[in-house]
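One file, my_file_20.cif, is given below (mmCIF, C-alpha atoms).
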```cif
data_target
#
loop_
_atom_site.label_atom_id
_atom_site.label_comp_id
_atom_site.auth_asym_id
_atom_site.auth_seq_id
_atom_site.Cartn_x
_atom_site.Cartn_y
_atom_site.Cartn_z
CA MET P 1 0.00 0.00 0.00
CA CYS P 2 1.17 3.55 -0.78
CA GLN P 3 2.28 5.33 2.39
CA LEU P 4 0.35 8.43 1.36
CA CYS P 5 -2.84 6.40 1.63
CA GLU P 6 -2.31 5.37 5.27
CA ILE P 7 -4.54 7.71 7.22
CA THR P 8 -5.18 7.32 10.94
CA PRO P 9 -8.35 8.61 12.66
CA SER P 10 -6.35 11.21 14.63
CA SER P 11 -4.58 12.62 11.61
CA ARG P 12 -5.74 15.82 9.96
CA PRO P 13 -4.74 15.56 6.31
CA SER P 14 -3.93 18.73 4.44
CA ARG P 15 -5.04 19.71 0.94
CA ARG P 16 -1.54 18.87 -0.30
CA PHE P 17 -1.90 15.40 1.26
CA PHE P 18 -5.16 14.74 -0.60
CA LEU P 19 -3.66 15.85 -3.90
CA ALA P 20 -0.68 13.58 -3.41
CA ALA P 21 -2.92 10.66 -2.45
CA ALA P 22 -5.08 11.22 -5.50
CA ALA P 23 -2.00 11.23 -7.71
CA CYS P 24 -0.84 7.97 -6.12
CA THR P 25 -4.21 6.33 -6.72
CA ALA P 26 -4.34 7.50 -10.33
CA ALA P 27 -0.87 6.15 -10.98
CA SER P 28 -1.79 2.79 -9.47
CA LEU P 29 -4.91 2.53 -11.63
CA ALA P 30 -2.94 3.49 -14.74
CA LEU P 31 -0.32 0.82 -14.12
CA ALA P 32 -2.71 -2.00 -13.19
CA PRO P 33 -4.20 -2.59 -16.67
CA ALA P 34 -0.74 -2.62 -18.25
CA VAL P 35 0.55 -5.22 -15.81
CA THR P 36 -2.59 -7.32 -16.19
CA ALA P 37 -2.38 -7.18 -19.98
CA LYS P 38 1.28 -8.18 -19.91
CA GLU P 39 0.56 -11.16 -17.70
CA ALA P 40 -2.40 -12.19 -19.87
CA LYS P 41 -0.24 -12.25 -23.01
CA ARG P 42 2.51 -14.34 -21.48
CA PRO P 43 2.73 -17.54 -23.56
CA PRO P 44 2.22 -20.83 -21.70
CA LYS P 45 5.48 -22.17 -23.19
CA PRO P 46 7.93 -19.25 -23.55
CA GLN P 47 10.53 -21.58 -25.07
CA ASN P 48 8.25 -21.92 -28.11
CA VAL P 49 8.62 -18.26 -29.05
CA VAL P 50 11.19 -18.72 -31.81
CA SER P 51 11.96 -17.58 -35.35
CA PRO P 52 11.02 -19.73 -38.39
CA ASN P 53 14.62 -20.93 -38.81
CA GLN P 54 14.97 -21.69 -35.10
CA ALA P 55 11.75 -23.70 -35.26
CA LEU P 56 13.08 -25.78 -38.16
CA ASP P 57 16.37 -26.35 -36.36
CA ARG P 58 14.42 -27.56 -33.34
CA LEU P 59 12.46 -30.04 -35.46
CA VAL P 60 15.66 -31.36 -37.06
CA LYS P 61 17.38 -31.85 -33.71
CA GLY P 62 14.30 -33.49 -32.22
CA ASN P 63 14.14 -35.94 -35.09
CA LEU P 64 17.81 -36.82 -34.64
CA ARG P 65 17.15 -37.69 -30.99
CA TYR P 66 14.16 -39.80 -32.03
CA VAL P 67 16.19 -41.68 -34.65
CA ASP P 68 19.01 -42.31 -32.15
CA GLY P 69 16.57 -43.55 -29.51
CA VAL P 70 17.46 -40.85 -26.99
CA SER P 71 14.17 -38.96 -26.83
CA ARG P 72 13.71 -36.73 -23.82
CA ARG P 73 11.40 -37.47 -20.93
CA HIS P 74 8.45 -35.08 -21.13
CA ASP P 75 6.64 -33.88 -18.03
CA PHE P 76 3.13 -34.24 -19.39
CA LYS P 77 1.47 -33.52 -16.05
CA HIS P 78 2.88 -30.02 -15.66
CA GLU P 79 2.57 -29.37 -19.39
CA ARG P 80 -1.17 -30.04 -19.11
CA GLU P 81 -1.44 -27.54 -16.29
CA ALA P 82 0.53 -24.87 -18.15
CA LEU P 83 -1.51 -25.31 -21.34
CA ALA P 84 -4.96 -25.33 -19.74
CA GLY P 85 -5.39 -21.64 -20.50
CA GLY P 86 -3.83 -21.42 -23.96
CA GLN P 87 -1.29 -22.65 -26.48
CA ASN P 88 1.65 -21.38 -28.51
CA PRO P 89 3.06 -24.24 -30.63
CA PHE P 90 6.35 -23.55 -32.39
CA ALA P 91 5.54 -25.51 -35.58
CA GLY P 92 2.59 -26.74 -37.61
CA ILE P 93 2.70 -30.14 -39.34
CA LEU P 94 0.54 -31.26 -42.25
CA SER P 95 1.01 -35.02 -42.03
CA CYS P 96 -0.41 -38.20 -43.49
CA ALA P 97 -2.98 -39.99 -41.32
CA ASP P 98 -0.97 -43.24 -41.54
CA SER P 99 -0.85 -44.83 -38.08
CA ARG P 100 2.91 -45.31 -38.38
CA ILE P 101 3.50 -41.55 -38.63
CA ALA P 102 3.32 -39.69 -35.33
CA PRO P 103 4.80 -36.17 -35.63
CA GLU P 104 4.91 -35.59 -31.87
CA TYR P 105 7.13 -38.66 -31.50
CA ALA P 106 9.10 -38.18 -34.73
CA PHE P 107 10.25 -34.73 -33.59
CA ASP P 108 10.53 -35.59 -29.87
CA THR P 109 8.11 -32.89 -28.78
CA GLY P 110 5.73 -32.41 -25.85
CA ARG P 111 2.19 -31.18 -25.48
CA GLY P 112 1.54 -27.78 -26.99
CA ASP P 113 4.64 -27.87 -29.21
CA LEU P 114 3.11 -28.91 -32.53
CA PHE P 115 -0.12 -27.91 -34.28
CA VAL P 116 -0.84 -31.06 -36.31
CA CYS P 117 -3.28 -31.57 -39.19
CA ARG P 118 -3.50 -35.12 -40.55
CA VAL P 119 -5.18 -36.53 -43.64
CA ALA P 120 -4.37 -39.53 -45.83
CA GLY P 121 -2.00 -38.25 -48.50
CA ASN P 122 -1.01 -35.11 -46.52
CA PHE P 123 -2.65 -32.68 -48.93
CA ALA P 124 -3.93 -29.19 -48.17
CA SER P 125 -7.72 -29.12 -48.39
CA ASP P 126 -9.71 -25.94 -47.71
CA GLU P 127 -10.35 -27.15 -44.17
CA THR P 128 -6.66 -27.83 -43.59
CA ILE P 129 -5.66 -24.44 -44.93
CA ALA P 130 -8.23 -22.81 -42.65
CA SER P 131 -6.81 -24.69 -39.66
CA LEU P 132 -3.28 -23.58 -40.52
CA GLU P 133 -4.48 -20.02 -41.04
CA TYR P 134 -5.73 -20.11 -37.48
CA ALA P 135 -2.40 -21.52 -36.31
CA GLN P 136 -0.48 -18.68 -37.93
CA SER P 137 -2.75 -15.67 -37.46
CA VAL P 138 -4.05 -16.45 -33.97
CA LEU P 139 -1.35 -18.63 -32.41
CA GLY P 140 1.60 -17.07 -34.23
CA VAL P 141 3.12 -20.36 -35.45
CA PRO P 142 6.31 -19.46 -37.39
CA LEU P 143 6.90 -22.70 -39.32
CA PHE P 144 4.79 -25.20 -41.25
CA MET P 145 6.03 -28.54 -42.57
CA VAL P 146 4.26 -30.73 -45.09
CA LEU P 147 5.32 -34.22 -44.02
CA GLY P 148 4.93 -37.11 -46.44
CA HIS P 149 6.32 -40.60 -45.95
CA ASP P 150 7.62 -43.48 -48.03
CA SER P 151 5.30 -46.35 -49.00
CA CYS P 152 2.29 -44.03 -48.71
CA GLY P 153 -0.88 -46.06 -49.32
CA ALA P 154 -2.92 -43.04 -50.38
CA VAL P 155 -0.43 -42.07 -53.10
CA GLU P 156 -0.11 -45.69 -54.21
CA ALA P 157 -3.90 -45.98 -54.49
CA ALA P 158 -4.01 -42.79 -56.56
CA ILE P 159 -1.36 -44.14 -58.92
CA LYS P 160 -3.25 -47.42 -59.40
CA SER P 161 -6.63 -45.73 -59.83
CA LEU P 162 -5.33 -43.40 -62.51
CA LYS P 163 -3.36 -46.12 -64.26
CA ASP P 164 -6.28 -48.55 -64.39
CA ASN P 165 -8.87 -45.81 -64.94
CA THR P 166 -10.98 -47.14 -62.08
CA THR P 167 -13.08 -45.38 -59.47
CA LEU P 168 -12.51 -46.28 -55.85
CA PRO P 169 -15.53 -46.83 -53.56
CA GLY P 170 -17.03 -44.38 -51.09
CA HIS P 171 -15.29 -41.05 -50.61
CA LEU P 172 -11.87 -42.40 -51.62
CA PRO P 173 -12.00 -40.67 -55.03
CA SER P 174 -11.54 -37.36 -53.20
CA LEU P 175 -8.09 -38.55 -52.11
CA VAL P 176 -7.24 -39.58 -55.66
CA ASN P 177 -8.31 -36.19 -57.03
CA ALA P 178 -6.16 -34.36 -54.49
CA ILE P 179 -3.05 -36.45 -55.17
CA ALA P 180 -3.55 -36.82 -58.96
CA PRO P 181 -1.54 -33.70 -59.94
CA ALA P 182 1.61 -35.13 -58.33
CA VAL P 183 1.05 -38.53 -59.96
CA LYS P 184 0.58 -36.99 -63.40
CA ALA P 185 3.52 -34.60 -63.00
CA THR P 186 5.92 -37.47 -62.33
CA ALA P 187 4.58 -39.92 -64.92
CA GLY P 188 7.45 -41.11 -67.09
CA SER P 189 10.14 -39.82 -64.73
CA SER P 190 13.12 -42.06 -64.04
CA GLY P 191 13.36 -43.80 -60.70
CA ASP P 192 10.71 -45.25 -58.43
CA ARG P 193 7.26 -44.07 -59.48
CA LEU P 194 5.77 -44.16 -55.98
CA ALA P 195 8.73 -42.35 -54.38
CA ASN P 196 8.65 -39.69 -57.10
CA ALA P 197 4.93 -39.07 -56.64
CA ILE P 198 5.27 -38.91 -52.84
CA ARG P 199 8.00 -36.29 -53.11
CA GLN P 200 6.13 -34.28 -55.74
CA ASN P 201 2.98 -34.35 -53.63
CA VAL P 202 4.92 -32.77 -50.78
CA ILE P 203 6.35 -30.09 -53.08
CA ASP P 204 2.92 -29.34 -54.56
CA ASN P 205 1.33 -28.85 -51.17
CA VAL P 206 4.15 -26.68 -49.88
CA ALA P 207 3.56 -24.45 -52.91
CA LYS P 208 -0.19 -24.49 -52.30
CA LEU P 209 0.21 -23.34 -48.71
CA LYS P 210 2.68 -20.61 -49.69
CA ALA P 211 0.22 -19.27 -52.25
CA ALA P 212 -2.84 -19.47 -49.99
CA THR P 213 -4.25 -15.96 -49.82
CA PRO P 214 -4.77 -13.79 -47.96
CA ILE P 215 -3.30 -15.01 -44.66
CA LEU P 216 -0.53 -17.54 -45.34
CA SER P 217 0.92 -15.89 -48.43
CA ALA P 218 1.13 -12.56 -46.61
CA ALA P 219 2.81 -14.13 -43.58
CA VAL P 220 5.39 -15.77 -45.86
CA ASP P 221 6.07 -12.50 -47.69
CA GLN P 222 6.50 -10.67 -44.38
CA GLY P 223 8.98 -13.26 -43.07
CA LYS P 224 6.68 -14.30 -40.24
CA LEU P 225 6.18 -17.80 -41.65
CA ARG P 226 8.34 -20.40 -43.35
CA ILE P 227 6.86 -23.44 -45.09
CA VAL P 228 8.98 -26.50 -45.88
CA GLY P 229 8.47 -30.06 -47.05
CA ALA P 230 9.88 -33.37 -45.83
CA VAL P 231 9.52 -37.13 -46.17
CA TYR P 232 9.53 -39.55 -43.23
CA ARG P 233 11.34 -42.87 -43.68
CA LEU P 234 9.46 -45.74 -42.07
CA VAL P 235 12.47 -48.00 -41.63
CA ASP P 236 14.45 -45.71 -39.33
CA GLY P 237 12.23 -42.72 -38.55
CA LYS P 238 14.51 -40.26 -40.30
CA VAL P 239 12.86 -37.12 -41.66
CA GLU P 240 14.51 -35.87 -44.85
CA LEU P 241 13.86 -32.29 -45.94
CA VAL P 242 12.71 -31.88 -49.53
CA ALA P 243 13.99 -29.11 -51.80
CA ASP P 244 11.52 -27.67 -54.30
CA GLY P 245 14.07 -27.53 -57.12
CA LYS P 246 14.49 -23.78 -56.78
CA ARG P 247 16.28 -23.44 -53.46
CA PRO P 248 17.61 -25.78 -50.78
CA ALA P 249 15.28 -26.99 -48.03
CA ILE P 250 17.56 -25.59 -45.32
#
```
Using the file provided, produce a representation of the structure as structure tokens.
Amino acid sequence: MCQLCEITPSSRPSRRFFLAAAACTAASLALAPAVTAKEAKRPPKPQNVVSPNQALDRLVKGNLRYVDGVSRRHDFKHEREALAGGQNPFAGILSCADSRIAPEYAFDTGRGDLFVCRVAGNFASDETIASLEYAQSVLGVPLFMVLGHDSCGAVEAAIKSLKDNTTLPGHLPSLVNAIAPAVKATAGSSGDRLANAIRQNVIDNVAKLKAATPILSAAVDQGKLRIVGAVYRLVDGKVELVADGKRPAI
């Protein structure tokens, strides 16, 4: 409490005293909202406030630990408590829904570190783009990664459907339509057809996210967001960054 505000019954405050007390009170009220606002904006995981390049470096190092079998022990209990009131992940991952691909494990991360969207074939639908727009504009995520993987069943099914000119049952044709551009773009290329299409599908969706207006494209242009592609190897868990043919992935 301000000493000027401590008034005893026997005291006879002067006019100067009241003016000083009023000034003290006004100053306290002026400072209170600023302090409250500062505390309210404090991120639940301060260590996640990083640049796009720092975020990528963190993913790379986390994957190396995962591959080497030396993943860190994560304190999920206290992470839950810290994240109850908010989140500030340091990276967003657009991953395949394949049960063998788990981004949180592959990059040795804890709760609240990754904003993950998963769909068979890891392609950017309108709903996925909207989710990532939220991640960037509201949560301030500085890095997105489109993560494909080898032996992808969705890409393989798209290749077979287009080759045989057959229509898959149910809603599966929607997957084929989304992946078809990558399959067609790599038709006739040397090397493994499936591997080529998987890589091209990653490149295509990185480009799609970079061009997504108005939110993601603007964030990329302003240097607030970096978008990269990668392929996960099932045999050893290694994540290999994919270059788009114009500039290196790192």
Practice item. On this file, the PyMOL selection byres ((chain P and resi 66) around 8) gives some set of residues; write that set as a ChimeraX atom specification. Key: /P:62-65,67-71,105-108,237
Exercise for review: Check what the PyMOL selection byres ((chain P and resi 85) around 12) selects in the file above and give those residues as a PyMOL selection string.
Suggested key: chain P and resi 40-45+79-84+86-88+112
Create the file for the chosen residues now, containing C-alpha atoms and written as a PDB file, keeping the file's coordinate frame.
```
ATOM      1  CA  ALA P  40      -2.400 -12.190 -19.870  1.00  0.00           C
ATOM      2  CA  LYS P  41      -0.240 -12.250 -23.010  1.00  0.00           C
ATOM      3  CA  ARG P  42       2.510 -14.340 -21.480  1.00  0.00           C
ATOM      4  CA  PRO P  43       2.730 -17.540 -23.560  1.00  0.00           C
ATOM      5  CA  PRO P  44       2.220 -20.830 -21.700  1.00  0.00           C
ATOM      6  CA  LYS P  45       5.480 -22.170 -23.190  1.00  0.00           C
ATOM      7  CA  GLU P  79       2.570 -29.370 -19.390  1.00  0.00           C
ATOM      8  CA  ARG P  80      -1.170 -30.040 -19.110  1.00  0.00           C
ATOM      9  CA  GLU P  81      -1.440 -27.540 -16.290  1.00  0.00           C
ATOM     10  CA  ALA P  82       0.530 -24.870 -18.150  1.00  0.00           C
ATOM     11  CA  LEU P  83      -1.510 -25.310 -21.340  1.00  0.00           C
ATOM     12  CA  ALA P  84      -4.960 -25.330 -19.740  1.00  0.00           C
ATOM     13  CA  GLY P  86      -3.830 -21.420 -23.960  1.00  0.00           C
ATOM     14  CA  GLN P  87      -1.290 -22.650 -26.480  1.00  0.00           C
ATOM     15  CA  ASN P  88       1.650 -21.380 -28.510  1.00  0.00           C
ATOM     16  CA  GLY P 112       1.540 -27.780 -26.990  1.00  0.00           C
TER      17      GLY P 112
END
```
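You can rank P:Lys184, P:Lys160, P:Arg72, P:Arg226 by their closest distance to Val146 of chain P using all atoms listed in the file, and at the top of that list sits P:Arg226.
When the PyMOL selection byres ((chain P and resi 50) around 10) is evaluated against the file, it yields Pro46, Gln47, Asn48, Val49, Ser51, Pro52, Asn53, Gln54, Ala55, Leu56, Arg58, Pro89, Phe90, Ala91, Val141, Pro142 and Leu143 of chain P.
What separates atom CA of Val228 of chain P from atom CA of Phe144 of chain P is a distance of 6.4 Å.
Comparing P:Lys210, P:Arg100, P:His171, P:Lys77 by their smallest distance to His149 of chain P, the closest is P:Arg100 (using all atoms listed in the file).
The nearest approach to Val119 of chain P among the residues P:Leu209, P:His74, P:Pro103, P:Ala154, with only C-alpha atoms taken into account, belongs to P:Ala154.
Using all atoms listed in the file for every distance, the candidate list P:Glu240, P:Asp221, P:Asp150, P:Asp126 yields P:Asp126 as the residue closest to Asn205 of chain P.
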Exercise for review: Kindly extract all protein, DNA and RNA residues lying within 12 Å of the coordinates (2.9, -40.8, -52.8) given in the file, considering all atoms listed in the file, and supply them as a ChimeraX atom specification.
Suggested key: /P:96,120-123,147-160,175-176,178-186,192-204,231-232
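Note that atom CA of Val220 of chain P and atom CA of Arg233 of chain P are 27.8 Å apart.
Take atom CA of Leu225 of chain P and atom CA of Ala135 of chain P: the distance between them is 10.8 Å.
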If you take every atom of segment 96-109 of chain P that the file lists and fit an axis-aligned box around them with 8 Å extra on each side, what centre and edge lengths come out in Å to one decimal, as AutoDock Vina command-line options?
```
--center_x 3.8 --center_y -39.1 --center_z -36.1 --size_x 29.5 --size_y 28.4 --size_z 30.7
```
